[in-house]
Structure formats: C-alpha cells, structure tokens
file run06.tsv (TSV, C-alpha atoms)
chain	number	residue	atom	x	y	z
A	1	MET	CA	0.00	0.00	0.00
A	2	LYS	CA	1.23	3.49	-0.81
A	3	ARG	CA	1.65	6.04	1.96
A	4	LYS	CA	-0.75	8.97	1.63
A	5	THR	CA	-1.22	12.55	2.71
A	6	ILE	CA	-3.80	15.22	1.85
A	7	LYS	CA	-3.55	17.42	-1.24
A	8	ASP	CA	-4.07	20.73	0.54
A	9	GLU	CA	-4.29	22.17	4.04
A	10	ILE	CA	-7.65	21.75	5.81
A	11	THR	CA	-8.95	23.84	8.74
A	12	TYR	CA	-11.66	22.92	11.24
A	13	ASN	CA	-13.12	25.05	14.03
A	14	GLY	CA	-15.29	23.89	16.90
A	15	ILE	CA	-15.76	23.40	20.63
A	16	GLY	CA	-13.85	20.93	22.77
A	17	LEU	CA	-16.22	18.44	24.40
A	18	HIS	CA	-14.71	18.39	27.87
A	19	LYS	CA	-13.26	21.88	28.40
A	20	GLY	CA	-15.78	23.71	26.25
A	21	GLU	CA	-13.09	25.92	24.69
A	22	LYS	CA	-12.97	27.08	21.08
A	23	ILE	CA	-10.47	24.98	19.15
A	24	GLU	CA	-8.94	25.32	15.71
A	25	ILE	CA	-7.08	22.50	14.01
A	26	LYS	CA	-5.17	22.58	10.76
A	27	LEU	CA	-4.31	19.44	8.83
A	28	LYS	CA	-1.10	20.00	6.88
A	29	PRO	CA	0.31	17.69	4.19
A	30	VAL	CA	3.53	15.86	5.07
A	31	THR	CA	5.65	14.22	2.38
A	32	ASP	CA	8.67	12.99	4.37
A	33	CYS	CA	6.93	9.78	5.48
A	34	SER	CA	7.22	10.76	9.15
A	35	GLY	CA	3.77	9.52	10.14
A	36	ILE	CA	0.99	11.42	11.92
A	37	THR	CA	2.00	14.07	14.44
A	38	PHE	CA	-0.11	16.38	16.62
A	39	LYS	CA	1.37	19.79	17.43
A	40	ARG	CA	0.10	22.08	20.20
A	41	VAL	CA	0.64	25.47	18.54
A	42	ASP	CA	-0.69	27.19	21.67
A	43	LEU	CA	2.38	26.00	23.58
A	44	PRO	CA	6.10	26.71	23.12
A	45	GLY	CA	8.93	24.24	23.32
A	46	ASP	CA	8.48	20.48	23.01
A	47	ASN	CA	4.92	20.63	21.70
A	48	GLU	CA	4.75	17.72	19.21
A	49	ILE	CA	3.24	14.30	19.94
A	50	LYS	CA	3.71	11.33	17.64
A	51	VAL	CA	0.80	8.95	17.16
A	52	SER	CA	1.97	5.78	18.91
A	53	PRO	CA	0.63	3.24	21.45
A	54	ASP	CA	3.52	4.32	23.69
A	55	ASN	CA	2.00	7.80	24.02
A	56	LEU	CA	-1.51	6.78	25.16
A	57	PHE	CA	-2.85	7.71	28.60
A	58	GLU	CA	-6.16	8.02	30.52
A	59	LEU	CA	-8.39	5.96	28.26
A	60	GLU	CA	-11.62	5.88	30.28
A	61	ARG	CA	-13.58	8.43	28.23
A	62	GLY	CA	-11.49	9.00	25.14
A	63	THR	CA	-8.24	8.31	23.33
A	64	ASN	CA	-5.58	10.70	24.56
A	65	ILE	CA	-1.87	11.09	23.79
A	66	ARG	CA	1.04	12.92	25.43
A	67	ASN	CA	4.76	13.32	24.88
A	68	SER	CA	7.67	12.89	27.30
A	69	SER	CA	7.39	16.54	28.35
A	70	GLY	CA	3.78	16.06	29.45
A	71	VAL	CA	2.17	17.94	26.55
A	72	MET	CA	-1.25	16.38	25.92
A	73	VAL	CA	-3.98	16.14	23.30
A	74	TYR	CA	-7.32	14.60	24.23
A	75	THR	CA	-10.12	12.84	22.29
A	76	ILE	CA	-8.32	12.11	19.02
A	77	GLU	CA	-10.35	8.99	18.18
A	78	HIS	CA	-12.91	10.55	15.80
A	79	ILE	CA	-10.38	12.15	13.47
A	80	MET	CA	-8.05	9.13	13.75
A	81	SER	CA	-10.98	7.00	12.58
A	82	VAL	CA	-11.13	9.10	9.41
A	83	PHE	CA	-7.37	8.91	8.88
A	84	HIS	CA	-7.57	5.11	9.15
A	85	ILE	CA	-10.42	4.62	6.71
A	86	THR	CA	-9.00	7.05	4.13
A	87	GLY	CA	-5.51	5.57	4.38
A	88	ILE	CA	-3.79	8.80	5.47
A	89	THR	CA	-0.40	7.84	6.89
A	90	ASP	CA	1.48	11.15	6.98
A	91	LEU	CA	0.10	14.39	8.36
A	92	LEU	CA	0.78	17.27	10.74
A	93	VAL	CA	-2.22	18.20	12.89
A	94	GLU	CA	-1.79	21.66	14.39
A	95	ILE	CA	-4.15	22.32	17.30
A	96	THR	CA	-4.77	25.43	19.43
A	97	GLY	CA	-5.81	23.61	22.61
A	98	ASN	CA	-5.59	20.31	24.45
A	99	GLU	CA	-8.50	18.48	22.80
A	100	LEU	CA	-9.99	17.95	19.37
A	101	PRO	CA	-13.16	19.87	18.50
A	102	ILE	CA	-16.18	17.61	18.96
A	103	MET	CA	-17.95	19.01	15.87
A	104	ASP	CA	-21.41	17.34	15.80
A	105	GLY	CA	-20.26	14.37	17.88
A	106	SER	CA	-19.45	12.24	14.85
A	107	SER	CA	-16.66	12.07	12.27
A	108	LEU	CA	-18.84	13.20	9.36
A	109	MET	CA	-17.52	16.77	9.13
A	110	PHE	CA	-13.94	15.51	9.28
A	111	ILE	CA	-14.32	13.02	6.43
A	112	GLU	CA	-16.41	15.30	4.23
A	113	LYS	CA	-13.64	17.90	3.97
A	114	ILE	CA	-10.98	15.24	3.41
A	115	ASN	CA	-13.09	13.61	0.69
A	116	GLU	CA	-13.53	17.04	-0.91
A	117	THR	CA	-9.83	17.96	-0.68
A	118	GLY	CA	-8.48	14.62	-1.87
A	119	LEU	CA	-5.33	12.65	-1.16
A	120	VAL	CA	-1.85	12.31	-2.63
A	121	GLU	CA	0.08	9.06	-2.83
A	122	LEU	CA	3.68	9.22	-1.68
A	123	GLU	CA	6.58	7.30	-3.19
A	124	LYS	CA	7.12	4.93	-0.28
A	125	ASP	CA	4.95	1.94	0.61
A	126	ILE	CA	3.51	1.07	4.01
A	127	GLU	CA	2.91	-2.47	5.21
A	128	PRO	CA	-0.51	-2.96	6.77
A	129	VAL	CA	-0.92	-4.86	10.02
A	130	VAL	CA	-2.08	-8.24	8.72
A	131	ILE	CA	-3.85	-10.54	11.17
A	132	THR	CA	-2.56	-14.05	10.51
A	133	GLU	CA	-3.86	-15.81	13.64
A	134	PRO	CA	-6.43	-15.00	16.36
A	135	ILE	CA	-5.37	-12.25	18.77
A	136	TYR	CA	-7.48	-11.78	21.88
A	137	PHE	CA	-7.90	-9.53	24.91
A	138	SER	CA	-10.63	-9.69	27.53
A	139	GLU	CA	-11.82	-8.46	30.91
A	140	GLU	CA	-13.79	-11.53	31.89
A	141	LYS	CA	-15.30	-10.11	35.08
A	142	ASP	CA	-17.05	-7.40	33.02
A	143	GLY	CA	-17.78	-9.54	29.98
A	144	LYS	CA	-15.70	-7.24	27.75
A	145	TYR	CA	-13.52	-8.60	25.00
A	146	ILE	CA	-12.05	-7.96	21.60
A	147	ILE	CA	-10.58	-10.41	19.11
A	148	ALA	CA	-8.81	-9.95	15.78
A	149	LEU	CA	-9.14	-12.70	13.19
A	150	PRO	CA	-7.58	-13.22	9.74
A	151	TYR	CA	-9.68	-11.68	6.98
A	152	ASP	CA	-9.05	-10.47	3.44
A	153	GLY	CA	-10.19	-6.89	4.05
A	154	PHE	CA	-11.21	-4.80	7.07
A	155	LYS	CA	-14.34	-5.92	8.86
A	156	VAL	CA	-15.79	-5.00	12.26
A	157	SER	CA	-18.49	-6.82	14.24
A	158	TYR	CA	-19.56	-5.05	17.44
A	159	THR	CA	-22.00	-5.80	20.26
A	160	ILE	CA	-22.98	-3.36	23.00
A	161	ASP	CA	-25.05	-4.28	26.06
A	162	PHE	CA	-25.84	-1.60	28.63
A	163	GLY	CA	-28.83	-3.24	30.33
A	164	HIS	CA	-30.57	0.16	30.21
A	165	SER	CA	-34.34	0.54	30.00
A	166	PHE	CA	-34.02	2.18	26.57
A	167	LEU	CA	-30.55	1.20	25.33
A	168	LYS	CA	-30.24	-2.51	25.85
A	169	ALA	CA	-28.18	-4.56	23.38
A	170	GLN	CA	-27.26	-3.65	19.80
A	171	TYR	CA	-25.19	-5.46	17.18
A	172	TYR	CA	-23.75	-4.18	13.91
A	173	GLU	CA	-21.33	-5.64	11.39
A	174	ILE	CA	-19.73	-3.92	8.42
A	175	ASP	CA	-17.13	-4.84	5.80
A	176	LEU	CA	-15.49	-1.44	5.64
A	177	ASN	CA	-14.47	0.80	2.78
A	178	GLN	CA	-14.31	4.56	2.46
A	179	GLU	CA	-17.72	4.86	0.80
A	180	ASN	CA	-19.79	2.86	3.28
A	181	TYR	CA	-17.87	4.33	6.22
A	182	THR	CA	-18.89	7.82	5.07
A	183	LYS	CA	-22.57	6.79	4.79
A	184	GLU	CA	-23.01	4.25	7.57
A	185	ILE	CA	-20.43	4.97	10.30
A	186	ALA	CA	-19.19	8.58	10.07
A	187	PRO	CA	-22.61	10.17	10.91
A	188	ALA	CA	-23.00	8.17	14.15
A	189	ARG	CA	-22.69	10.49	17.16
A	190	THR	CA	-21.18	10.07	20.59
A	191	PHE	CA	-23.66	9.50	23.41
A	192	CYS	CA	-24.14	9.50	27.16
A	193	PHE	CA	-26.86	8.79	29.70
A	194	ASP	CA	-28.70	11.68	31.35
A	195	TYR	CA	-27.60	10.57	34.83
A	196	GLU	CA	-23.91	10.87	33.81
A	197	ILE	CA	-24.03	14.57	32.97
A	198	GLU	CA	-24.02	16.00	36.50
A	199	TYR	CA	-21.15	13.72	37.54
A	200	MET	CA	-19.03	14.58	34.51
A	201	GLN	CA	-19.55	18.32	34.79
A	202	SER	CA	-18.76	18.24	38.51
A	203	HIS	CA	-15.41	16.75	37.49
A	204	ASN	CA	-14.82	19.42	34.81
A	205	LEU	CA	-15.77	17.06	31.98
A	206	ALA	CA	-18.34	17.49	29.17
A	207	LEU	CA	-18.34	21.27	29.71
A	208	GLY	CA	-18.73	21.72	25.94
A	209	GLY	CA	-21.34	19.00	25.57
A	210	SER	CA	-24.78	19.86	24.18
A	211	LEU	CA	-27.60	18.31	22.20
A	212	GLU	CA	-25.81	19.64	19.12
A	213	ASN	CA	-22.81	17.38	19.62
A	214	ALA	CA	-24.01	14.35	21.59
A	215	ILE	CA	-26.99	12.04	22.00
A	216	VAL	CA	-28.36	12.15	25.55
A	217	ILE	CA	-30.27	9.03	26.59
A	218	LYS	CA	-33.10	9.10	29.12
A	219	LYS	CA	-34.98	6.14	30.56
A	220	ASP	CA	-37.46	5.88	27.68
A	221	GLY	CA	-35.70	7.44	24.69
A	222	VAL	CA	-33.34	10.26	23.73
A	223	ILE	CA	-33.61	13.92	24.68
A	224	ASN	CA	-32.43	15.17	21.28
A	225	PRO	CA	-35.47	16.64	19.49
A	226	GLU	CA	-34.36	15.36	16.05
A	227	GLY	CA	-34.03	11.80	17.35
A	228	LEU	CA	-31.52	9.28	16.02
A	229	ARG	CA	-29.80	9.15	12.64
A	230	PHE	CA	-29.88	5.33	12.71
A	231	GLU	CA	-31.73	2.89	14.92
A	232	THR	CA	-28.32	1.37	15.68
A	233	GLU	CA	-26.50	4.70	15.99
A	234	PHE	CA	-25.01	3.79	19.37
A	235	VAL	CA	-23.17	0.65	18.26
A	236	ARG	CA	-22.15	2.33	15.00
A	237	HIS	CA	-20.42	5.05	17.01
A	238	LYS	CA	-18.56	2.39	18.98
A	239	ILE	CA	-17.32	1.01	15.65
A	240	LEU	CA	-16.23	4.54	14.66
A	241	ASP	CA	-14.21	4.78	17.88
A	242	LEU	CA	-12.64	1.36	17.43
A	243	ILE	CA	-11.47	2.19	13.90
A	244	GLY	CA	-9.76	5.31	15.28
A	245	ASP	CA	-8.32	3.64	18.36
A	246	ILE	CA	-6.66	0.88	16.36
A	247	TYR	CA	-5.03	3.46	14.09
A	248	ILE	CA	-2.83	4.56	16.97
A	249	LEU	CA	-0.46	2.10	15.26
A	250	ASN	CA	-0.31	4.52	12.31
A	251	ARG	CA	-0.78	1.52	10.00
A	252	PRO	CA	-3.93	0.21	8.31
A	253	VAL	CA	-5.28	-3.08	9.66
A	254	LYS	CA	-6.23	-6.09	7.54
A	255	GLY	CA	-8.45	-8.42	9.51
A	256	HIS	CA	-11.82	-8.97	11.19
A	257	LEU	CA	-12.26	-7.25	14.57
A	258	ILE	CA	-14.97	-8.63	16.86
A	259	ALA	CA	-15.76	-6.55	19.95
A	260	VAL	CA	-18.20	-7.07	22.82
A	261	LYS	CA	-18.78	-4.20	25.27
A	262	ALA	CA	-15.28	-2.94	24.51
A	263	GLY	CA	-14.09	0.65	24.85
A	264	HIS	CA	-10.99	2.78	24.50
A	265	PHE	CA	-9.00	0.85	27.11
A	266	ILE	CA	-9.85	-2.57	25.64
A	267	ASN	CA	-9.10	-1.25	22.15
A	268	SER	CA	-5.71	-0.01	23.32
A	269	LYS	CA	-4.85	-3.46	24.68
A	270	LEU	CA	-5.52	-4.95	21.26
A	271	SER	CA	-3.30	-2.28	19.71
A	272	GLU	CA	-0.49	-3.31	22.06
A	273	LYS	CA	-0.79	-6.90	20.86
A	274	LEU	CA	-1.00	-5.87	17.20
A	275	LYS	CA	2.14	-3.78	17.63
A	276	SER	CA	4.14	-7.02	17.87
A	277	LEU	CA	3.13	-7.81	14.27
A	278	ILE	CA	4.84	-4.69	12.89
call {"tool": "encode", "arguments": {"input": "run06.tsv", "output": "structure tokens"}}
result
Amino acid sequence: MKRKTIKDEITYNGIGLHKGEKIEIKLKPVTDCSGITFKRVDLPGDNEIKVSPDNLFELERGTNIRNSSGVMVYTIEHIMSVFHITGITDLLVEITGNELPIMDGSSLMFIEKINETGLVELEKDIEPVVITEPIYFSEEKDGKYIIALPYDGFKVSYTIDFGHSFLKAQYYEIDLNQENYTKEIAPARTFCFDYEIEYMQSHNLALGGSLENAIVIKKDGVINPEGLRFETEFVRHKILDLIGDIYILNRPVKGHLIAVKAGHFINSKLSEKLKSLI
C-alpha cells in the first residue's frame, strides 16, 4: 500500500467536548513519510506528539496522547478514525488547545472535507498490520472482549449491552471501505446517559457538551429533538471509535475485529498486541 497525505491544508473550528473551549485545528500535508503528528501550537517548546501506542494515557472516556514533556492532546479517536479509513499515513495536525473539537459528535464533518480535498500518494509503501492468527484480549469479570481474526479486508463486528431501559443490546457488522464508512459509520454520534451529565460536569468534563454534539439518553428514549440518525446509531459510534483507536499504530489493519462491550481501554490493549506484528 502506498503512503498517503492530503492534497491541501484543511482547517476545522469547533468546541472541545470536555473543556468547552474554542479549538482550531489545521491538517497540513507531510511528504517525508514521518507519520501522523499532533502539534500544540498554543504551547512553546516540546509541543509535538507522535501517534503511537507508547504515548496513550487516561483511556476511560477518550483516546488521549502525550509526549515525554507532558504535553497532551485529548479525544483524538474521531479524526483518527477518518485517517484510518481514508488511508492517510502522513500528516501534521496543528491544534490550538488540548482536545480535538467535537464538531457534531461524529466524524462526518472531518471526512467530508478530506473527501472534498483529496489525497496524494507518496513514493514509499507502508505495510498494513495483517492478522494471521487470532489475537485476543478480555476483561472476563465485566464480559468485555475484543478479538482480531484473519480476513481479506477490514471488517468489524460489534455488540454493546448496557442493560438500560431504553438502550439494551445492539449489534452491527460492516465490511469497511471509504464509501460505506462515510454513509453508515461517520454520521453516528457520541452518546451519554442523562444521569452521567451531573457527575461529569462536577469533574470538569463534558463542559462543551450539548444536544448539538451528543446524544443524551433518558430512561425511555433520547432527549435530542431530532431523534436518532440510525436505529443502531449507538453501536455504530462504537465502531467509529474502534477504527480510530486501532489506528494509533499509524498503520492500516487487515483483519476482522470482533468486539463485545469494549471501549478505548480494551481497544488499546488490542493495539499493544498488534504492535508485535509490525
């Protein structure tokens, strides 16, 4: 597979989900095959963070990276999901704060601009991470697990089970490509339960959250007046996250990922195991 970058610079503006601050990011083409790097342009000094499993931290509510100097960028999973599915391997992401803008809670706005701008193939090749035998990680006490199986393509099967009066169990499976990702996965928004909001905000989280960038679930439905984009929007968003989390390897994956009640931490454990295949 050829390494890829974008044809032209792309700018996004939005609100950070947790701090509620205005954030601007600029995607800049990179042709030296140096991978994907985030740069905190609001900070001086050692302000660059390479995308790598070694730089992950605090994975309870998002995928976050930091460098050896303690410079951090939070919630990168939605845009990393787009980089993975489009095959972007080399890019500089300049950011004016410590978290990615949440946009509408999905990855749709990110991929639409990238699709519009287009990509450029670089001279060098990149070897995908090819699953040749089952690779497995689980937390048996919570019934959470993820497994990677050999497959000629990139396929995800995902099951969620919250035991909630409205959101019980959902299952979705998709054999991924850029076209069906844009239609079936990218529009799926992040979500939370109404009883979580007070707790998160009391801990200085979700300060930028609103019905414009997240689905809020109550006991008998959702609060959002426009309703859901898909009946299975919740599990589709989990697939979106998984695609982004696995791309912390900065290499496309060839295989079938099967996840049950997984999340960012479980996904990161799979990434650690897949790293041994590189």
call {"tool": "closest_residue", "arguments": {"input": "run06.tsv", "among": "A:Glu99, A:Glu233, A:Asp241, A:Glu127", "to": "Gly16 (chain A)", "atoms": "all atoms listed in the file"}}
result
A:Glu99
call {"tool": "atom_distance", "arguments": {"input": "run06.tsv", "atom1": "CA of Glu173 (chain A)", "atom2": "CA of Ile36 (chain A)"}}
result
28.1 Å
call {"tool": "residues_around", "arguments": {"input": "run06.tsv", "residues": "region 180-185 of chain A", "least_positions_apart": "5", "cutoff": "8 Å", "atoms": "all atoms listed in the file", "output": "VMD selection string"}}
result
chain A and resid 85 108 111 to 112 236 to 237 239 to 240
call {"tool": "atom_distance", "arguments": {"input": "run06.tsv", "atom1": "CA of Gly227 (chain A)", "atom2": "CA of Ile215 (chain A)"}}
result
8.4 Å
call {"tool": "closest_residue", "arguments": {"input": "run06.tsv", "among": "A:Thr89, A:Gln201, A:Thr232, A:Ser107", "to": "Ile160 (chain A)", "atoms": "all atoms listed in the file"}}
result
A:Thr232
call {"tool": "residues_around", "arguments": {"input": "run06.tsv", "residues": "region 42-51 of chain A", "least_positions_apart": "2", "cutoff": "10 Å", "atoms": "all atoms listed in the file", "output": "PyMOL selection string"}}
result
chain A and resi 34-40+53-56+64-73+76+80+92-98+247-250
call {"tool": "residues_around", "arguments": {"input": "run06.tsv", "residues": "region 189-199 of chain A", "least_positions_apart": "3", "cutoff": "6 Å", "atoms": "only C-alpha atoms", "output": "PyMOL selection string"}}
result
chain A and resi 105-106+202+214-218+237
call {"tool": "closest_residue", "arguments": {"input": "run06.tsv", "among": "A:Leu207, A:Asp32, A:Pro101, A:Phe154", "to": "Gln178 (chain A)", "atoms": "all atoms listed in the file"}}
result
A:Phe154
call {"tool": "residues_around", "arguments": {"input": "run06.tsv", "residues": "Ile246 (chain A)", "least_positions_apart": "2", "cutoff": "8 Å", "atoms": "all atoms listed in the file", "output": "PyMOL selection string"}}
result
chain A and resi 242-244+248-249+253+267-268+270-271
call {"tool": "write_last_selection", "arguments": {"input": "run06.tsv", "atoms": "C-alpha atoms", "output": "CSV table (one decimal), in the frame of the given file"}}
result
chain,number,residue,atom,x,y,z
A,242,LEU,CA,-12.6,1.4,17.4
A,243,ILE,CA,-11.5,2.2,13.9
A,244,GLY,CA,-9.8,5.3,15.3
A,248,ILE,CA,-2.8,4.6,17.0
A,249,LEU,CA,-0.5,2.1,15.3
A,253,VAL,CA,-5.3,-3.1,9.7
A,267,ASN,CA,-9.1,-1.2,22.2
A,268,SER,CA,-5.7,0.0,23.3
A,270,LEU,CA,-5.5,-5.0,21.3
A,271,SER,CA,-3.3,-2.3,19.7
call {"tool": "residues_near_point", "arguments": {"input": "run06.tsv", "point": "(-5.8, -18.3, 15.8)", "cutoff": "9 Å", "atoms": "all atoms listed in the file", "output": "compact mmCIF listing (two decimals) with C-alpha atoms, in the coordinates of the input"}}
result
# COMPACT_ATOMS: atom_id res chain seq x y z
CA THR A 132 -2.56 -14.05 10.51
CA GLU A 133 -3.86 -15.81 13.64
CA PRO A 134 -6.43 -15.00 16.36
CA ILE A 135 -5.37 -12.25 18.77
CA ALA A 148 -8.81 -9.95 15.78
CA LEU A 149 -9.14 -12.70 13.19
CA PRO A 150 -7.58 -13.22 9.74
call {"tool": "closest_residue", "arguments": {"input": "run06.tsv", "among": "A:Lys28, A:His84, A:Lys269, A:Lys22", "to": "Pro128 (chain A)", "atoms": "all atoms listed in the file"}}
result
A:His84
call {"tool": "closest_residue", "arguments": {"input": "run06.tsv", "among": "A:Phe265, A:Phe57, A:Phe234, A:Tyr171", "to": "Tyr145 (chain A)", "atoms": "all atoms listed in the file"}}
result
A:Phe265
call {"tool": "atom_distance", "arguments": {"input": "run06.tsv", "atom1": "CA of Ser210 (chain A)", "atom2": "CA of Asn224 (chain A)"}}
result
9.4 Å
call {"tool": "closest_residue", "arguments": {"input": "run06.tsv", "among": "A:Glu116, A:Glu231, A:Glu139, A:Glu212", "to": "Ala259 (chain A)", "atoms": "all atoms listed in the file"}}
result
A:Glu139
call {"tool": "axis_aligned_box", "arguments": {"input": "run06.tsv", "around": "region 90-107 of chain A", "padding_each_side": "6 Å", "output": "lines of an AutoDock Vina configuration file"}}
result
center_x = -10.0
center_y = 18.3
center_z = 15.7
size_x = 34.9
size_y = 26.3
size_z = 29.5
call {"tool": "residues_around", "arguments": {"input": "run06.tsv", "residues": "region 7-11 of chain A", "least_positions_apart": "4", "cutoff": "8 Å", "atoms": "only C-alpha atoms", "output": "list of chain:residue names"}}
result
A:Glu24, A:Ile25, A:Lys26, A:Leu27, A:Lys28, A:Pro29, A:Lys113, A:Ile114, A:Thr117, A:Gly118, A:Leu119, A:Val120
